[in-house]
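Student: Input structure: my_file_12.tsv, which contains TSV, C-alpha atoms.
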```tsv
chain	number	residue	atom	x	y	z
A	20	MET	CA	-9.01	-22.25	0.17
A	21	ALA	CA	-10.62	-19.77	2.56
A	22	THR	CA	-8.71	-16.61	1.77
A	23	ASP	CA	-10.98	-14.04	3.33
A	24	SER	CA	-8.22	-11.88	4.79
A	25	LEU	CA	-4.80	-10.64	3.70
A	26	HIS	CA	-3.30	-12.84	6.44
A	27	GLU	CA	-4.88	-15.92	4.86
A	28	LEU	CA	-3.79	-14.91	1.34
A	29	MET	CA	-0.27	-14.61	2.78
A	30	ILE	CA	-0.36	-18.04	4.45
A	31	ASP	CA	-1.72	-19.56	1.24
A	32	GLY	CA	1.10	-17.90	-0.72
A	33	LEU	CA	3.75	-19.10	1.74
A	34	ARG	CA	2.47	-22.69	1.55
A	35	ASP	CA	2.47	-22.52	-2.26
A	36	ILE	CA	6.09	-21.30	-2.41
A	37	TYR	CA	7.10	-23.79	0.33
A	38	ASN	CA	5.99	-26.60	-1.95
A	39	ALA	CA	7.47	-24.89	-5.03
A	40	GLU	CA	10.90	-24.60	-3.37
A	41	GLN	CA	10.73	-28.26	-2.34
A	42	GLN	CA	9.97	-29.25	-5.93
A	43	LEU	CA	12.98	-27.23	-7.01
A	44	VAL	CA	15.22	-29.01	-4.50
A	45	GLU	CA	14.28	-32.24	-6.31
A	46	ALA	CA	14.79	-30.80	-9.80
A	47	LEU	CA	18.07	-28.90	-9.49
A	48	PRO	CA	20.38	-31.93	-9.05
A	49	LYS	CA	19.01	-33.39	-12.32
A	50	MET	CA	19.60	-30.08	-14.08
A	51	ALA	CA	23.14	-29.87	-12.67
A	52	THR	CA	23.89	-33.42	-13.90
A	53	ALA	CA	22.50	-32.70	-17.37
A	54	ALA	CA	24.26	-29.36	-17.89
A	55	ALA	CA	27.31	-29.68	-20.14
A	56	ASP	CA	28.83	-26.29	-19.36
A	57	PRO	CA	30.77	-26.58	-16.07
A	58	GLY	CA	29.82	-23.01	-15.07
A	59	LEU	CA	26.14	-23.82	-15.57
A	60	ALA	CA	26.40	-27.09	-13.63
A	61	ASN	CA	28.06	-25.14	-10.77
A	62	ALA	CA	25.37	-22.46	-10.88
A	63	PHE	CA	22.66	-25.13	-10.51
A	64	ARG	CA	24.55	-26.81	-7.66
A	65	SER	CA	25.13	-23.61	-5.75
A	66	HIS	CA	21.50	-22.58	-6.27
A	67	LEU	CA	20.46	-25.95	-4.85
A	68	GLN	CA	22.19	-25.06	-1.57
A	69	GLU	CA	20.48	-21.67	-1.56
A	70	THR	CA	17.12	-23.28	-2.34
A	71	GLU	CA	17.43	-25.59	0.67
A	72	GLY	CA	17.88	-22.40	2.71
A	73	HIS	CA	14.78	-20.88	1.06
A	74	VAL	CA	12.67	-23.86	2.17
A	75	ASN	CA	13.86	-23.27	5.74
A	76	ARG	CA	13.15	-19.53	5.58
A	77	VAL	CA	9.57	-20.11	4.39
A	78	ALA	CA	9.10	-22.58	7.27
A	79	GLU	CA	10.47	-19.94	9.65
A	80	ALA	CA	8.09	-17.31	8.21
A	81	LEU	CA	5.09	-19.63	8.71
A	82	ARG	CA	6.13	-20.30	12.32
A	83	ALA	CA	6.68	-16.56	12.96
A	84	LEU	CA	3.08	-15.99	11.83
A	85	GLY	CA	1.86	-18.66	14.25
A	86	GLU	CA	0.96	-21.14	11.49
A	87	THR	CA	1.86	-24.78	11.00
A	88	VAL	CA	4.56	-25.55	8.46
A	89	SER	CA	2.99	-27.31	5.50
A	90	GLY	CA	3.00	-27.01	1.73
A	91	LYS	CA	0.24	-26.79	-0.83
A	92	LYS	CA	0.87	-28.32	-4.24
A	93	CYS	CA	2.11	-25.58	-6.53
A	94	GLU	CA	0.75	-26.44	-9.98
A	95	ALA	CA	2.58	-23.55	-11.63
A	96	MET	CA	5.99	-24.79	-10.45
A	97	GLU	CA	5.03	-28.31	-11.51
A	98	GLY	CA	4.36	-27.03	-15.05
A	99	LEU	CA	7.60	-25.06	-15.12
A	100	ILE	CA	9.69	-28.00	-13.94
A	101	GLU	CA	7.92	-30.26	-16.45
A	102	GLU	CA	9.24	-28.00	-19.23
A	103	GLY	CA	12.79	-28.59	-18.00
A	104	SER	CA	12.18	-32.34	-17.67
A	105	GLU	CA	11.12	-32.57	-21.30
A	106	LEU	CA	14.48	-31.09	-22.24
A	107	LEU	CA	16.42	-33.46	-19.98
A	108	LYS	CA	15.04	-36.39	-22.00
A	109	GLN	CA	16.85	-35.00	-25.03
A	110	LYS	CA	20.29	-35.18	-23.38
A	111	GLY	CA	22.68	-36.83	-25.84
A	112	LYS	CA	20.23	-36.45	-28.74
A	113	ILE	CA	20.68	-32.72	-29.27
A	114	PRO	CA	23.81	-30.55	-29.14
A	115	ASP	CA	24.98	-29.97	-25.54
A	116	ALA	CA	24.94	-26.19	-25.87
A	117	VAL	CA	21.34	-26.24	-27.19
A	118	LEU	CA	20.34	-28.31	-24.17
A	119	ASP	CA	22.18	-25.86	-21.89
A	120	ALA	CA	20.44	-22.86	-23.52
A	121	GLY	CA	17.08	-24.56	-23.03
A	122	LEU	CA	17.87	-25.43	-19.40
A	123	ILE	CA	18.76	-21.79	-18.71
A	124	ALA	CA	15.46	-20.67	-20.26
A	125	ALA	CA	13.51	-23.12	-18.08
A	126	ALA	CA	15.44	-22.14	-14.95
A	127	GLN	CA	14.89	-18.43	-15.58
A	128	LYS	CA	11.13	-19.00	-15.80
A	129	VAL	CA	11.36	-20.69	-12.40
A	130	GLU	CA	13.39	-17.80	-10.97
A	131	HIS	CA	10.90	-15.26	-12.30
A	132	TYR	CA	8.01	-17.22	-10.80
A	133	GLU	CA	9.75	-17.11	-7.44
A	134	THR	CA	10.65	-13.41	-7.83
A	135	ALA	CA	7.00	-12.55	-8.49
A	136	THR	CA	5.82	-14.63	-5.53
A	137	TYR	CA	8.35	-13.28	-3.03
A	138	GLY	CA	7.77	-9.71	-4.28
A	139	THR	CA	4.06	-10.05	-3.48
A	140	LEU	CA	4.64	-11.79	-0.14
A	141	ILE	CA	7.10	-9.07	0.92
A	142	ALA	CA	4.61	-6.30	0.01
A	143	TRP	CA	1.90	-8.06	2.05
A	144	ALA	CA	4.25	-8.69	5.02
A	145	ARG	CA	5.18	-4.99	5.02
A	146	THR	CA	1.52	-3.94	4.93
A	147	MET	CA	0.85	-6.17	7.94
A	148	HIS	CA	4.02	-4.90	9.72
A	149	HIS	CA	5.58	-8.37	9.97
A	150	GLY	CA	9.18	-7.15	10.15
A	151	GLU	CA	10.84	-10.53	10.75
A	152	VAL	CA	8.97	-12.19	7.87
A	153	THR	CA	9.72	-9.25	5.56
A	154	GLU	CA	13.42	-9.57	6.30
A	155	LEU	CA	13.49	-13.35	5.81
A	156	LEU	CA	11.75	-13.13	2.45
A	157	GLU	CA	13.89	-10.20	1.29
A	158	GLN	CA	17.03	-12.29	1.81
A	159	THR	CA	15.57	-15.02	-0.40
A	160	LEU	CA	14.35	-12.57	-3.06
A	161	GLU	CA	17.86	-11.14	-3.33
A	162	GLU	CA	19.30	-14.63	-3.89
A	163	GLU	CA	16.66	-15.44	-6.53
A	164	GLU	CA	17.46	-12.24	-8.42
A	165	LYS	CA	21.20	-12.95	-8.28
A	166	ALA	CA	20.62	-16.52	-9.50
A	167	ASN	CA	18.62	-15.18	-12.42
A	168	ASP	CA	21.34	-12.63	-13.30
A	169	MET	CA	23.98	-15.35	-13.18
A	170	LEU	CA	21.93	-17.45	-15.63
A	171	SER	CA	21.66	-14.46	-17.99
A	172	ASP	CA	25.43	-13.94	-17.77
A	173	LEU	CA	26.07	-17.60	-18.60
A	174	ALA	CA	23.65	-17.54	-21.56
A	175	GLU	CA	24.97	-14.29	-22.98
A	176	GLY	CA	28.58	-15.05	-22.04
A	177	GLY	CA	28.97	-17.94	-24.48
A	178	ILE	CA	26.30	-20.64	-24.17
A	179	ASN	CA	23.87	-18.99	-26.63
A	180	GLU	CA	26.69	-18.47	-29.14
A	181	MET	CA	27.74	-22.12	-28.81
A	182	ALA	CA	24.12	-23.23	-29.18
A	183	ASN	CA	23.84	-21.16	-32.33
A	184	ALA	CA	27.07	-22.67	-33.71
A	185	GLY	CA	25.51	-26.09	-33.04
A	186	ALA	CA	28.45	-27.22	-30.88
A	187	MET	CA	28.10	-30.77	-29.53
B	24	MET	CA	9.52	-31.51	-29.72
B	25	ALA	CA	12.64	-31.68	-31.85
B	26	THR	CA	14.69	-28.83	-30.53
B	27	ASP	CA	18.08	-29.70	-31.91
B	28	SER	CA	19.11	-26.14	-32.80
B	29	LEU	CA	18.81	-22.70	-31.24
B	30	HIS	CA	16.45	-21.79	-34.10
B	31	GLU	CA	14.12	-24.62	-33.12
B	32	LEU	CA	14.28	-23.73	-29.41
B	33	MET	CA	13.30	-20.20	-30.46
B	34	ILE	CA	10.35	-21.36	-32.60
B	35	ASP	CA	9.20	-23.63	-29.79
B	36	GLY	CA	9.41	-20.70	-27.35
B	37	LEU	CA	7.50	-18.40	-29.70
B	38	ARG	CA	4.72	-20.97	-30.14
B	39	ASP	CA	4.52	-21.43	-26.37
B	40	ILE	CA	4.18	-17.68	-25.71
B	41	TYR	CA	1.77	-17.32	-28.67
B	42	ASN	CA	-0.58	-19.73	-26.90
B	43	ALA	CA	0.11	-18.15	-23.49
B	44	GLU	CA	-0.82	-14.67	-24.77
B	45	GLN	CA	-4.00	-16.08	-26.33
B	46	GLN	CA	-4.95	-17.66	-22.99
B	47	LEU	CA	-4.38	-14.29	-21.35
B	48	VAL	CA	-6.66	-12.56	-23.88
B	49	GLU	CA	-9.41	-14.92	-22.64
B	50	ALA	CA	-8.63	-14.40	-18.94
B	51	LEU	CA	-8.15	-10.62	-18.68
B	52	PRO	CA	-11.80	-9.59	-19.33
B	53	LYS	CA	-12.90	-11.86	-16.45
B	54	MET	CA	-10.27	-10.32	-14.18
B	55	ALA	CA	-11.36	-6.80	-15.21
B	56	THR	CA	-14.99	-7.64	-14.42
B	57	ALA	CA	-14.12	-9.14	-11.03
B	58	ALA	CA	-11.81	-6.32	-9.89
B	59	ALA	CA	-13.52	-3.96	-7.43
B	60	ASP	CA	-10.94	-1.17	-7.58
B	61	PRO	CA	-11.68	0.94	-10.69
B	62	GLY	CA	-7.95	1.58	-11.27
B	63	LEU	CA	-7.27	-2.16	-11.24
B	64	ALA	CA	-10.18	-2.90	-13.58
B	65	ASN	CA	-8.80	-0.25	-15.97
B	66	ALA	CA	-5.29	-1.69	-15.72
B	67	PHE	CA	-6.61	-5.14	-16.72
B	68	ARG	CA	-8.65	-3.65	-19.59
B	69	SER	CA	-5.76	-1.62	-20.97
B	70	HIS	CA	-3.43	-4.61	-20.64
B	71	LEU	CA	-5.98	-6.66	-22.63
B	72	GLN	CA	-5.54	-4.28	-25.57
B	73	GLU	CA	-1.76	-4.56	-25.27
B	74	THR	CA	-1.98	-8.35	-25.02
B	75	GLU	CA	-3.93	-8.52	-28.30
B	76	GLY	CA	-1.01	-6.62	-29.81
B	77	HIS	CA	1.44	-9.10	-28.26
B	78	VAL	CA	-0.34	-12.01	-29.97
B	79	ASN	CA	0.07	-10.19	-33.29
B	80	ARG	CA	3.74	-9.44	-32.68
B	81	VAL	CA	4.53	-13.09	-31.92
B	82	ALA	CA	2.72	-14.06	-35.15
B	83	GLU	CA	4.81	-11.47	-37.01
B	84	ALA	CA	8.01	-12.84	-35.44
B	85	LEU	CA	7.14	-16.40	-36.54
B	86	ARG	CA	6.45	-15.18	-40.09
B	87	ALA	CA	9.71	-13.17	-40.14
B	88	LEU	CA	11.54	-16.41	-39.27
B	89	GLY	CA	9.81	-18.20	-42.15
B	90	GLU	CA	7.66	-20.36	-39.87
B	91	THR	CA	3.92	-20.99	-39.81
B	92	VAL	CA	1.91	-19.17	-37.17
B	93	SER	CA	0.66	-21.68	-34.63
B	94	GLY	CA	0.56	-22.09	-30.88
B	95	LYS	CA	1.61	-24.91	-28.58
B	96	LYS	CA	-0.35	-25.40	-25.37
B	97	CYS	CA	1.46	-23.53	-22.61
B	98	GLU	CA	0.90	-25.58	-19.44
B	99	ALA	CA	2.65	-23.04	-17.25
B	100	MET	CA	0.29	-20.23	-18.27
B	101	GLU	CA	-2.65	-22.60	-17.81
B	102	GLY	CA	-1.54	-23.22	-14.20
B	103	LEU	CA	-1.02	-19.51	-13.56
B	104	ILE	CA	-4.43	-18.56	-14.95
B	105	GLU	CA	-6.03	-21.38	-12.95
B	106	GLU	CA	-4.74	-19.71	-9.76
B	107	GLY	CA	-6.57	-16.51	-10.73
B	108	SER	CA	-9.74	-18.47	-11.65
B	109	GLU	CA	-9.87	-20.03	-8.18
B	110	LEU	CA	-9.93	-16.52	-6.74
B	111	LEU	CA	-12.65	-15.34	-9.13
B	112	LYS	CA	-14.96	-17.99	-7.68
B	113	GLN	CA	-14.69	-16.23	-4.32
B	114	LYS	CA	-16.08	-12.93	-5.65
B	115	GLY	CA	-18.76	-11.72	-3.24
B	116	LYS	CA	-17.70	-14.21	-0.56
B	117	ILE	CA	-14.52	-12.47	0.52
B	118	PRO	CA	-13.77	-8.74	0.99
B	119	ASP	CA	-13.36	-6.97	-2.36
B	120	ALA	CA	-9.90	-5.60	-1.51
B	121	VAL	CA	-8.66	-9.10	-0.55
B	122	LEU	CA	-9.87	-10.38	-3.93
B	123	ASP	CA	-8.15	-7.45	-5.65
B	124	ALA	CA	-4.88	-8.12	-3.77
B	125	GLY	CA	-5.07	-11.77	-4.82
B	126	LEU	CA	-5.83	-10.87	-8.45
B	127	ILE	CA	-2.80	-8.58	-8.53
B	128	ALA	CA	-0.61	-11.38	-7.14
B	129	ALA	CA	-1.87	-13.79	-9.82
B	130	ALA	CA	-1.44	-11.22	-12.59
B	131	GLN	CA	2.11	-10.40	-11.50
B	132	LYS	CA	3.05	-14.08	-11.70
B	133	VAL	CA	1.74	-14.03	-15.28
B	134	GLU	CA	3.70	-10.86	-16.10
B	135	HIS	CA	6.89	-12.37	-14.66
B	136	TYR	CA	6.38	-15.55	-16.69
B	137	GLU	CA	6.11	-13.44	-19.82
B	138	THR	CA	9.08	-11.27	-18.83
B	139	ALA	CA	11.25	-14.36	-18.40
B	140	THR	CA	10.09	-15.81	-21.71
B	141	TYR	CA	10.57	-12.63	-23.75
B	142	GLY	CA	13.93	-11.98	-22.07
B	143	THR	CA	15.16	-15.39	-23.26
B	144	LEU	CA	13.65	-15.05	-26.74
B	145	ILE	CA	15.27	-11.62	-27.18
B	146	ALA	CA	18.68	-12.96	-26.12
B	147	TRP	CA	18.34	-15.83	-28.64
B	148	ALA	CA	17.11	-13.50	-31.42
B	149	ARG	CA	20.14	-11.24	-30.82
B	150	THR	CA	22.52	-14.20	-30.92
B	151	MET	CA	21.03	-15.24	-34.27
B	152	HIS	CA	21.10	-11.61	-35.56
B	153	HIS	CA	17.34	-11.47	-36.16
B	154	GLY	CA	17.06	-7.69	-35.82
B	155	GLU	CA	13.37	-7.38	-36.74
B	156	VAL	CA	12.32	-10.12	-34.32
B	157	THR	CA	14.50	-8.64	-31.55
B	158	GLU	CA	12.80	-5.27	-31.97
B	159	LEU	CA	9.27	-6.73	-32.01
B	160	LEU	CA	9.85	-8.71	-28.83
B	161	GLU	CA	11.59	-5.79	-27.08
B	162	GLN	CA	8.46	-3.65	-27.58
B	163	THR	CA	6.36	-6.34	-25.92
B	164	LEU	CA	8.83	-6.88	-23.08
B	165	GLU	CA	8.72	-3.17	-22.28
B	166	GLU	CA	4.92	-3.27	-22.09
B	167	GLU	CA	4.96	-6.35	-19.83
B	168	GLU	CA	7.40	-4.67	-17.45
B	169	LYS	CA	5.27	-1.50	-17.34
B	170	ALA	CA	2.13	-3.57	-16.69
B	171	ASN	CA	3.90	-5.30	-13.81
B	172	ASP	CA	5.06	-1.96	-12.33
B	173	MET	CA	1.53	-0.57	-12.60
B	174	LEU	CA	0.19	-3.59	-10.66
B	175	SER	CA	2.83	-3.02	-7.93
B	176	ASP	CA	1.82	0.65	-7.74
B	177	LEU	CA	-1.86	-0.27	-7.37
B	178	ALA	CA	-1.11	-2.87	-4.66
B	179	GLU	CA	1.20	-0.63	-2.68
B	180	GLY	CA	-0.84	2.53	-3.39
B	181	GLY	CA	-3.84	1.42	-1.35
B	182	ILE	CA	-5.23	-2.00	-2.28
B	183	ASN	CA	-3.00	-3.94	0.16
B	184	GLU	CA	-3.88	-1.51	2.97
B	185	MET	CA	-7.58	-1.90	2.23
B	186	ALA	CA	-7.21	-5.69	2.10
B	187	ASN	CA	-5.48	-5.59	5.47
B	188	ALA	CA	-8.27	-3.43	6.90
B	189	GLY	CA	-10.72	-6.05	5.61
B	190	ALA	CA	-12.70	-3.48	3.60
B	191	MET	CA	-15.66	-4.94	1.68
```
Spell out the structure here as structure tokens.

Tutor:
Amino acid sequence: MATDSLHELMIDGLRDIYNAEQQLVEALPKMATAAADPGLANAFRSHLQETEGHVNRVAEALRALGETVSGKKCEAMEGLIEEGSELLKQKGKIPDAVLDAGLIAAAQKVEHYETATYGTLIAWARTMHHGEVTELLEQTLEEEEKANDMLSDLAEGGINEMANAGAM
Amino acid sequence: MATDSLHELMIDGLRDIYNAEQQLVEALPKMATAAADPGLANAFRSHLQETEGHVNRVAEALRALGETVSGKKCEAMEGLIEEGSELLKQKGKIPDAVLDAGLIAAAQKVEHYETATYGTLIAWARTMHHGEVTELLEQTLEEEEKANDMLSDLAEGGINEMANAGAM
């Protein structure tokens, strides 16, 4: 990593989130299949479609900055997804609503990771006056924040209560 | 991990963040030493004091729930701190402001991880009517959010501009 300028920090950050979003594209279908609550399964499926768009936007941002489109293994996202995978193994062994509550927790950590990353990348793009890149990343940030809010609504709108009641 | 109830998910989450906060107590002094901007160094040092308090609050929450105080290795925080450590190795080799901008990015990912975790734990504590635990974790969440805002202010209040100008 030779990050001796803000431009290079930015490219490094874009390649990290490019890989992170690709990892998420792999993980979301498994989370959608495991979720017992139909609203939660739908939320994961619709966020999968958005996430495919996020991968494309990061690629577009890299091209707009004159860089090749490639990813760089994002260890943080790997750790976050691993947490969710551990839970998936418990499907059928623990109450459905407890699994759903745990999946929401794991997914919200992922959303917050992405929110932090895009927030930083947007601030850097603005500093460097990269208007097109700023706009692309702002669209994604908005979708990540909405996805996170929807997960909170699902948790607080019944799933946590069901998990607490121990519903199968 | 036998997380077959919301209570157990909660204990698991508390032990994860207990370890994560302890890892952060180790990392923050190194970040404070490496930061070139005096305001950023101060922010890391004052957040270290808060973080020591967060460790104690999580311990208090575990005791209030009748559980033993112990941590569980938090892989996600390990990955996040590793990102910051990579940057620290570049101290002196890259412009100071670029290092500072990168340190802020790494620290904001950490803050967002904690925000997501405490947000979930608070929602679960409320569902289970654990008033004392809810209050303890809400105090910490507020401090994490303020720390994150302060980092944004430092980045956007001059550090990003200096990094872009390539100031040593």

Student: Which of these residues is nearest to Ala142 in chain A, using only C-alpha atoms: A:Glu27, A:Glu175, A:Glu45, A:Glu154?

Tutor: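 Checking each of A:Glu27, A:Glu175, A:Glu45, A:Glu154 against Ala142 in chain A, counting only C-alpha atoms, the winner is A:Glu154.
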
Student: For a test of reading the model, state the distance in Å between CA of Thr136 in chain A and CA of Leu170 in chain A, rounded to one decimal.

Tutor: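 A separation of 19.2 Å between them.
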
Student: Nearest to Leu32 in chain B: which of B:Leu177, B:Ala120, B:Met151, B:Ala186 is it, counting only C-alpha atoms?

Tutor: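 Of all the options, B:Met151 lies closest to Leu32 in chain B.
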
Student: Which residues are close to Tyr41 in chain B, i.e. within 7 Å by all atoms listed in the file, leaving aside same-chain residues fewer than 2 positions away? Reply as an NGL selection string.

Tutor: :B and (37-39 or 43-45 or 78 or 81 or 94)

Student: In terms of the shortest atom-to-atom distance over only C-alpha atoms, which of A:Asn179, A:Asn75, A:Thr139, A:Ser65 is closest to Lys165 in chain A?

Tutor: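 Distance minimum relative to Lys165 in chain A lands on A:Ser65.
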
Student: Give me, as a compact mmCIF listing (two decimals) with C-alpha atoms, in the frame of the given file, the contact residues of chain A against chain B at a cut-off of 8 Å, counting all atoms listed in the file.

Tutor:
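What landed in result.txt:
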```txt
# COMPACT_ATOMS: atom_id res chain seq x y z
CA THR A 22 -8.71 -16.61 1.77
CA ASP A 23 -10.98 -14.04 3.33
CA SER A 24 -8.22 -11.88 4.79
CA LEU A 25 -4.80 -10.64 3.70
CA HIS A 26 -3.30 -12.84 6.44
CA LEU A 28 -3.79 -14.91 1.34
CA GLU A 94 0.75 -26.44 -9.98
CA ALA A 95 2.58 -23.55 -11.63
CA MET A 96 5.99 -24.79 -10.45
CA GLY A 98 4.36 -27.03 -15.05
CA LEU A 99 7.60 -25.06 -15.12
CA LYS A 112 20.23 -36.45 -28.74
CA ILE A 113 20.68 -32.72 -29.27
CA PRO A 114 23.81 -30.55 -29.14
CA VAL A 117 21.34 -26.24 -27.19
CA ALA A 120 20.44 -22.86 -23.52
CA GLY A 121 17.08 -24.56 -23.03
CA ALA A 124 15.46 -20.67 -20.26
CA GLN A 127 14.89 -18.43 -15.58
CA LYS A 128 11.13 -19.00 -15.80
CA HIS A 131 10.90 -15.26 -12.30
CA TYR A 132 8.01 -17.22 -10.80
CA THR A 134 10.65 -13.41 -7.83
CA ALA A 135 7.00 -12.55 -8.49
CA THR A 136 5.82 -14.63 -5.53
CA THR A 139 4.06 -10.05 -3.48
CA ALA A 142 4.61 -6.30 0.01
CA TRP A 143 1.90 -8.06 2.05
CA THR A 146 1.52 -3.94 4.93
CA MET A 147 0.85 -6.17 7.94
CA GLU A 175 24.97 -14.29 -22.98
CA ASN A 179 23.87 -18.99 -26.63
CA GLU A 180 26.69 -18.47 -29.14
CA ALA A 182 24.12 -23.23 -29.18
CA ASN A 183 23.84 -21.16 -32.33
CA GLY A 185 25.51 -26.09 -33.04
```

Student: Compare B:Ala55, B:Leu126, B:Ala84, B:Ala66 by their minimum atom-to-atom distance to Thr163 in chain B, counting all atoms listed in the file, and give me the closest one.

Tutor: B:Ala84

Student: Quick one: distance from CA of Pro48 in chain A to CA of Leu156 in chain A in Å, one decimal?

Tutor: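 Distance reported for this atom pair: 23.7 Å.
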
Student: Tell me which of A:Glu151, A:Asp119, A:Gln158, A:Lys92 sits closest to Glu79 in chain A, counting all atoms listed in the file.

Tutor: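 Smallest distance to Glu79 in chain A is found for A:Glu151.
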
Student: Using only C-alpha atoms, which residue out of A:Leu43, A:Thr52, A:Gly176, A:Thr153 lies closest to Thr70 in chain A?

Tutor: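 Nearest to Thr70 in chain A: A:Leu43.
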
Student: Kindly give the distance, in Å, that separates CA of Gly58 in chain A and CA of His153 in chain B, rounded to a single decimal.

Tutor: 27.1 Å
